[in-house]
Each structure stands twice: as C-alpha cells, then as structure tokens.
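For reference, the structure is listed below as structure tokens.
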Amino acid sequence: MHSATRPARAPVGADLTRRLGRGSAAETAHVGSQTLKWLLRAPLLLALLLPGALGAYQLTVLTLALVYAIALVSLVLLTGFVGQVSLCQASFMGLGAFLCAALMGHYHLSYWIAAPIAIVVVFCSGVLAGLPALRLRGLTLAIVTLSLALLADNFLFQGLDWLNNNGNHWVISRPSVFGASLDHPDALFRVIFIALLLVMLAVVRLREGRTGKSWYAMRDAEIAASTSGVSVVAMKLLGFGLAAAIAAVAGVLYALAIGVVSPEPFNFVASIQLLAIAVIAGVRSLPGALAGALFYIILPQFLLQFPTLAPLTSLILGGGLILQMLFAPQGIGGILDDAQRRLFRRQTAPASAPQDEEGV
C-alpha cells in the first residue's frame, strides 16, 4: 500500500503571522479606505467652517484639543499598534516644546527650523527610551517609563538651566505662514488642523503597510512573529521612536498654540492622564484619539461655564470614566470601528452568498 503524501505544513509561527497580516484583508482595507476618506473630507470641511462660527476663546480651546489629539495618536501607535505601554508621552511632548523654545531663545533660530530639530532629537530619545522594552513588558515596563517621566519632570524641565531658561518660562513668538501671522486664532487653528491631518494620514499609511503588519504580528504573538522573520528589536525601537516624535510634534504645536512653555503641563501626572484618556477613548482607534482629546479638553471647559457644576467637575468626569469602562471597555473609537465593520459585513454578505453555494 502506498501511503498518501501529505503536503508540507508551514511552521506555526509563519502561519500565524500570515493570518495576522492577512486576516480579514478586505475588511481591513475597507476600514482603512474609509478612515482615509474621513480624514480627507471631514477635517477639511471643519477647518473651513469652524473658525468663522466660533469666538476667539472657543477656537483657542478647540485648537488645544487638536494638539492633544496628536499626543493621543502617539499612544494609539505605541500601545494600540505596537502593544507597548508608555507613561512618559507627556514628557516627550514637553521635551519637544522645551527644545524648540531653547533653540529659538539661545540660538535665535526660526520656529520652522527649531521645531524639526527638536522632533528629530526627541525621536532619538524615544529610541533610547525603548531599549528597556527589549527585555521588559507589561507592568514592569510601565514603571520604568514612569521613572523616566519623573526624571524628566524633576531634572530636565526644572533643573536644567539651559533647557528651562534658568527656571523662567519660555515665551514663543508666533511666526507667519505665507504672509499670514499665526497670532490670529483662525490661522493658528488651520495650521494645527493640517498638522493633525498629516500625522493621522501618516499613521494610517504605516498601519496598512508592512510595518503595521509587523507591529500587529509582534503585538499579538511576539515569539511567533520573531520566528517568522519579523525584526522584533527594530520594530519595537521604531515604534517607540515614532511615538516619541509624534508626541514632540504635539509639544512644538502646544508651544505655538499657548505661546508659553512651562513644566506644569508636562509632568508625570499628565502622562498618566494621557494614557487613561487613550484607553477610555479607544487605544486602537485613530478617531478615538480625536474623541478623547475633545473629551479631555473641551468637556471640563464646558462644565466650568455652569457655576453650580464647576465644583463637581472632577466628580462628573470620574463618574463618566467609570461608566465608560463598565459599559464600553473598548472605548468610543472601538464602538465606531465595530459599527463600521458590521456595516461592511452586511454590505458584502449578499455578494459572498452565491459563492458559498457553488462551493457546496
């Protein structure tokens, strides 16, 4: 008797990585294309309509929310895509702001030259901060990154005279763009809106490419991804570096929006708050980053308009966060993504039904 020849099976790790990279490919491509449409249409429409409809104060608050949306995008990339925990993103944000201000103050550089230099330096700092992630993970890694945040808070932002202007606040003079001064709230809002749009588009491209597939495979099964050819070391360090650079973008834009750079907004408590808001809004969702920033910045300002509710602001926010975690643990962005996937499945189900009948 001749034994039946079985086809050679691929290694388990290769099969896992292939499924992770290809899993529901049409669905992922659809969601990515819809995200690109959302990023291209809605923000451009809002950028045209909102400045004329809002007052100077409301526009300033919304501009600050856009800045923090960029900071939350860095956590979506690092925690949601790469699967690494960081409690020092506000420190990278502050390092970008302080470096930009110091370069402008000490060397009289233009903002458009100082800001890119600061972002590159913070990218390198993020790569160095990612070195502990090569051996640590989970709670231990979170404690290490929190230690880095404490170091930045107590030493860099308050003890390093070159960086903090001898303990004094840096004052940023706003530049102009194509002859339009950014001292006007409308122009400042549009510039930061465009920056947010570009950052989110870049992250979407990374997520849909080979880098994003490697991150997903490493996040869900690091050993299997490593045996399948994914360079875990390079992917982790790249994720930490890019997340730090995006946080630095938020930092230099914060300096531009506020006009003053001081240590208070970038302490370790701010890093913990950023991670908490990212988790609540949906740590794997880019629209969730925008929703979380709006929640983080605009809602407290709205509650302060009511004298009776102002003393209860922290209680209202805390209760809202508890309800969010109980009834929607995937976050606001997760709810939106699930609804979008269900809609896509309903649209494609009739088309796939005849093929299933032929196969039977």
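Lettering and numbering for the structure tokens are positional, with chains as A, B, ... in the shown order, residues counted from 1 in each chain, and ligands counted from 1 in the shown order.
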
message = as an MDAnalysis selection string, please: the residues near Arg284 in chain A (cut-off 7 Å, only C-alpha atoms, same-chain neighbours under 4 positions excluded).
response = chainID A and resid 76 80:81

Now that the selection is made, can you save its residues with C-alpha atoms as a compact mmCIF listing (two decimals), in the first residue's frame?
```
# COMPACT_ATOMS: atom_id res chain seq x y z
CA VAL A 76 -2.54 54.78 19.63
CA GLY A 80 -2.60 50.11 20.19
CA PHE A 81 -0.42 49.05 17.25
```

request  = Run DSSP on the backbone and grab whatever in range 91-187 of chain A lands in alpha helix (DSSP H); send it over as a ChimeraX atom specification.
outcome  = /A:91-107,111-129,138-151,157-159,161-164,185-187

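Distances from A:Val144, A:Ala225, A:Met93, A:Ile194 to Ser262 in chain A were compared using only C-alpha atoms, and the smallest one belongs to A:Met93.
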
key: Selection near range 257-261 of chain A, 9 Å with only C-alpha atoms, sequence-local residues under 3 positions removed, as a ChimeraX atom specification   = /A:60,63-64,67,94,97-98,101,164,169-174,182,185,188-189,192,252-254,264-265

message = If we count only C-alpha atoms and set the cut-off at 12 Å, which residues sit around Ala69 in chain A, ignoring sequence neighbours fewer than 6 positions away in its own chain? Please answer as a PyMOL selection string.
response = chain A and resi 62-63+75-76+192-193+195-197+199-200+246-247+249-251+253-254+274+277-278+281+285-298

Would you mind exporting the chosen residues as a short mmCIF file (atom, residue, chain, number, x, y, z; two decimals), in the first residue's frame, restricted to N, CA and C atoms?
```cif
data_model
loop_
_atom_site.label_atom_id
_atom_site.label_comp_id
_atom_site.auth_asym_id
_atom_site.auth_seq_id
_atom_site.Cartn_x
_atom_site.Cartn_y
_atom_site.Cartn_z
N LEU A 62 -10.53 74.71 21.20
CA LEU A 62 -10.58 73.65 20.19
C LEU A 62 -9.19 73.42 19.59
N THR A 63 -8.41 74.47 19.42
CA THR A 63 -7.05 74.32 18.91
C THR A 63 -6.20 73.50 19.88
N LEU A 75 0.04 57.55 21.40
CA LEU A 75 -0.29 56.40 22.23
C LEU A 75 -1.06 55.34 21.45
N VAL A 76 -1.87 55.76 20.50
CA VAL A 76 -2.54 54.78 19.63
C VAL A 76 -1.50 53.98 18.87
N ILE A 192 -2.67 74.02 12.80
CA ILE A 192 -2.63 72.84 13.67
C ILE A 192 -3.57 71.76 13.18
N PHE A 193 -4.69 72.15 12.56
CA PHE A 193 -5.59 71.15 11.98
C PHE A 193 -4.90 70.40 10.84
N ALA A 195 -1.70 69.97 10.54
CA ALA A 195 -0.68 69.12 11.16
C ALA A 195 -1.31 67.83 11.67
N LEU A 196 -2.46 67.93 12.33
CA LEU A 196 -3.15 66.72 12.81
C LEU A 196 -3.54 65.82 11.65
N LEU A 197 -4.03 66.41 10.57
CA LEU A 197 -4.42 65.63 9.39
C LEU A 197 -3.23 64.88 8.82
N VAL A 199 -0.41 64.01 10.35
CA VAL A 199 0.05 62.98 11.29
C VAL A 199 -0.84 61.74 11.21
N MET A 200 -2.15 61.95 11.18
CA MET A 200 -3.07 60.80 11.14
C MET A 200 -2.97 60.06 9.81
N ILE A 246 5.94 61.84 17.40
CA ILE A 246 4.58 62.38 17.28
C ILE A 246 4.23 63.19 18.53
N ALA A 247 4.62 62.69 19.70
CA ALA A 247 4.41 63.46 20.92
C ALA A 247 5.18 64.79 20.86
N VAL A 249 5.81 66.46 18.13
CA VAL A 249 5.02 67.32 17.24
C VAL A 249 3.94 68.03 18.04
N ALA A 250 3.25 67.24 18.91
CA ALA A 250 2.25 67.86 19.78
C ALA A 250 2.89 68.91 20.69
N GLY A 251 4.11 68.65 21.17
CA GLY A 251 4.77 69.60 22.05
C GLY A 251 5.11 70.92 21.38
N LEU A 253 3.72 72.13 18.77
CA LEU A 253 2.47 72.81 18.43
C LEU A 253 1.80 73.39 19.68
N TYR A 254 2.00 72.72 20.82
CA TYR A 254 1.50 73.28 22.08
C TYR A 254 2.19 74.61 22.37
N LEU A 274 -2.94 61.09 30.05
CA LEU A 274 -2.98 60.84 28.61
C LEU A 274 -3.25 59.36 28.32
N ILE A 277 -6.92 58.52 29.18
CA ILE A 277 -7.85 59.01 28.18
C ILE A 277 -7.74 58.19 26.90
N ALA A 278 -6.53 57.79 26.53
CA ALA A 278 -6.36 56.97 25.32
C ALA A 278 -7.06 55.63 25.46
N ALA A 281 -10.93 56.28 25.37
CA ALA A 281 -11.42 56.66 24.05
C ALA A 281 -11.24 55.56 23.02
N SER A 285 -7.79 53.04 18.10
CA SER A 285 -8.62 53.77 17.14
C SER A 285 -8.11 55.19 16.97
N LEU A 286 -7.86 55.60 15.74
CA LEU A 286 -7.46 56.97 15.47
C LEU A 286 -8.61 57.96 15.68
N PRO A 287 -9.84 57.66 15.20
CA PRO A 287 -10.94 58.56 15.57
C PRO A 287 -11.12 58.66 17.08
N GLY A 288 -10.83 57.58 17.80
CA GLY A 288 -10.91 57.63 19.25
C GLY A 288 -9.95 58.63 19.86
N ALA A 289 -8.77 58.80 19.23
CA ALA A 289 -7.81 59.80 19.72
C ALA A 289 -8.40 61.20 19.65
N LEU A 290 -9.09 61.50 18.57
CA LEU A 290 -9.72 62.81 18.44
C LEU A 290 -10.86 62.96 19.44
N ALA A 291 -11.67 61.90 19.60
CA ALA A 291 -12.77 61.96 20.57
C ALA A 291 -12.22 62.11 21.99
N GLY A 292 -11.14 61.41 22.31
CA GLY A 292 -10.55 61.52 23.64
C GLY A 292 -10.00 62.91 23.91
N ALA A 293 -9.40 63.54 22.89
CA ALA A 293 -8.88 64.89 23.08
C ALA A 293 -10.01 65.89 23.31
N LEU A 294 -11.10 65.73 22.58
CA LEU A 294 -12.25 66.60 22.79
C LEU A 294 -12.80 66.42 24.21
N PHE A 295 -12.87 65.17 24.65
CA PHE A 295 -13.35 64.88 26.00
C PHE A 295 -12.40 65.47 27.05
N TYR A 296 -11.11 65.36 26.81
CA TYR A 296 -10.10 65.76 27.78
C TYR A 296 -10.01 67.28 27.92
N ILE A 297 -10.22 68.02 26.84
CA ILE A 297 -10.02 69.47 26.85
C ILE A 297 -11.34 70.23 26.90
N ILE A 298 -12.29 69.84 26.07
CA ILE A 298 -13.48 70.67 25.90
C ILE A 298 -14.49 70.45 27.01
#
```

Polymer residues at most 12 Å from Ala276 in chain A, only C-alpha atoms, same-chain spacing of 4 or more positions, as a ChimeraX atom specification = /A:72,75-76,79,85-87,89,269-272,280-283,289,292-293,295-296,318,321-322,324-325,329,331

task = Can you work out the spacing between CA of Arg207 in chain A and CA of Gly229 in chain A in Å, to one decimal?
result =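 Here the two named atoms are 18.3 Å from each other.
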
task = Can you check which residues of range 58-261 of chain A DSSP gives as strand (DSSP E) on the backbone and send them as number ranges by chain?
result = A: 170-171, 176-177, 180-181, 260-261

Those same residues, written as a PDB file, in the first residue's frame with N, CA and C atoms?
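This is the output file selection01.pdb:
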```
ATOM      1  N   TRP A 170       9.647  80.030  28.970  1.00  0.00           N
ATOM      2  CA  TRP A 170       9.956  80.500  27.631  1.00  0.00           C
ATOM      3  C   TRP A 170       8.707  81.143  27.030  1.00  0.00           C
ATOM      4  N   VAL A 171       8.895  82.229  26.338  1.00  0.00           N
ATOM      5  CA  VAL A 171       7.807  82.884  25.609  1.00  0.00           C
ATOM      6  C   VAL A 171       8.089  82.735  24.117  1.00  0.00           C
ATOM      7  N   SER A 176       4.929  83.481  10.964  1.00  0.00           N
ATOM      8  CA  SER A 176       3.900  83.658   9.933  1.00  0.00           C
ATOM      9  C   SER A 176       4.005  82.527   8.919  1.00  0.00           C
ATOM     10  N   VAL A 177       2.913  82.257   8.231  1.00  0.00           N
ATOM     11  CA  VAL A 177       2.845  81.224   7.205  1.00  0.00           C
ATOM     12  C   VAL A 177       2.331  81.861   5.929  1.00  0.00           C
ATOM     13  N   ALA A 180       0.739  85.116   6.398  1.00  0.00           N
ATOM     14  CA  ALA A 180      -0.356  85.207   7.365  1.00  0.00           C
ATOM     15  C   ALA A 180       0.192  84.952   8.762  1.00  0.00           C
ATOM     16  N   SER A 181      -0.006  85.885   9.668  1.00  0.00           N
ATOM     17  CA  SER A 181       0.508  85.755  11.026  1.00  0.00           C
ATOM     18  C   SER A 181      -0.320  84.740  11.808  1.00  0.00           C
ATOM     19  N   VAL A 260       3.633  79.994  25.530  1.00  0.00           N
ATOM     20  CA  VAL A 260       4.477  79.921  26.720  1.00  0.00           C
ATOM     21  C   VAL A 260       4.807  78.463  26.988  1.00  0.00           C
ATOM     22  N   VAL A 261       6.047  78.179  27.347  1.00  0.00           N
ATOM     23  CA  VAL A 261       6.478  76.821  27.668  1.00  0.00           C
ATOM     24  C   VAL A 261       6.905  76.797  29.129  1.00  0.00           C
TER      25      VAL A 261
END
```

request  = Please provide as a PyMOL selection string all residues within 9 Å of range 120-130 of chain A, with the sequence filter that same-chain residues fewer than 3 positions apart are discarded (counting only C-alpha atoms).
outcome  = chain A and resi 92-93+95-96+99+115-117+133-134+145+148+236-248

ask   = Which residues, written as a list of chain:residue names, have at least one atom at most 12 Å from Leu160 in chain A, with only C-alpha atoms counted and residues fewer than 5 positions away on the same chain left out?
value =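 In the requested format, the answer is A:Leu95, A:Phe98, A:Leu99, A:Ala102, A:Leu151, A:Ala152, A:Asp153, A:Asn154, A:Phe155, A:Asn165, A:Asn166, A:Gly167, A:Asn168, A:Pro263.
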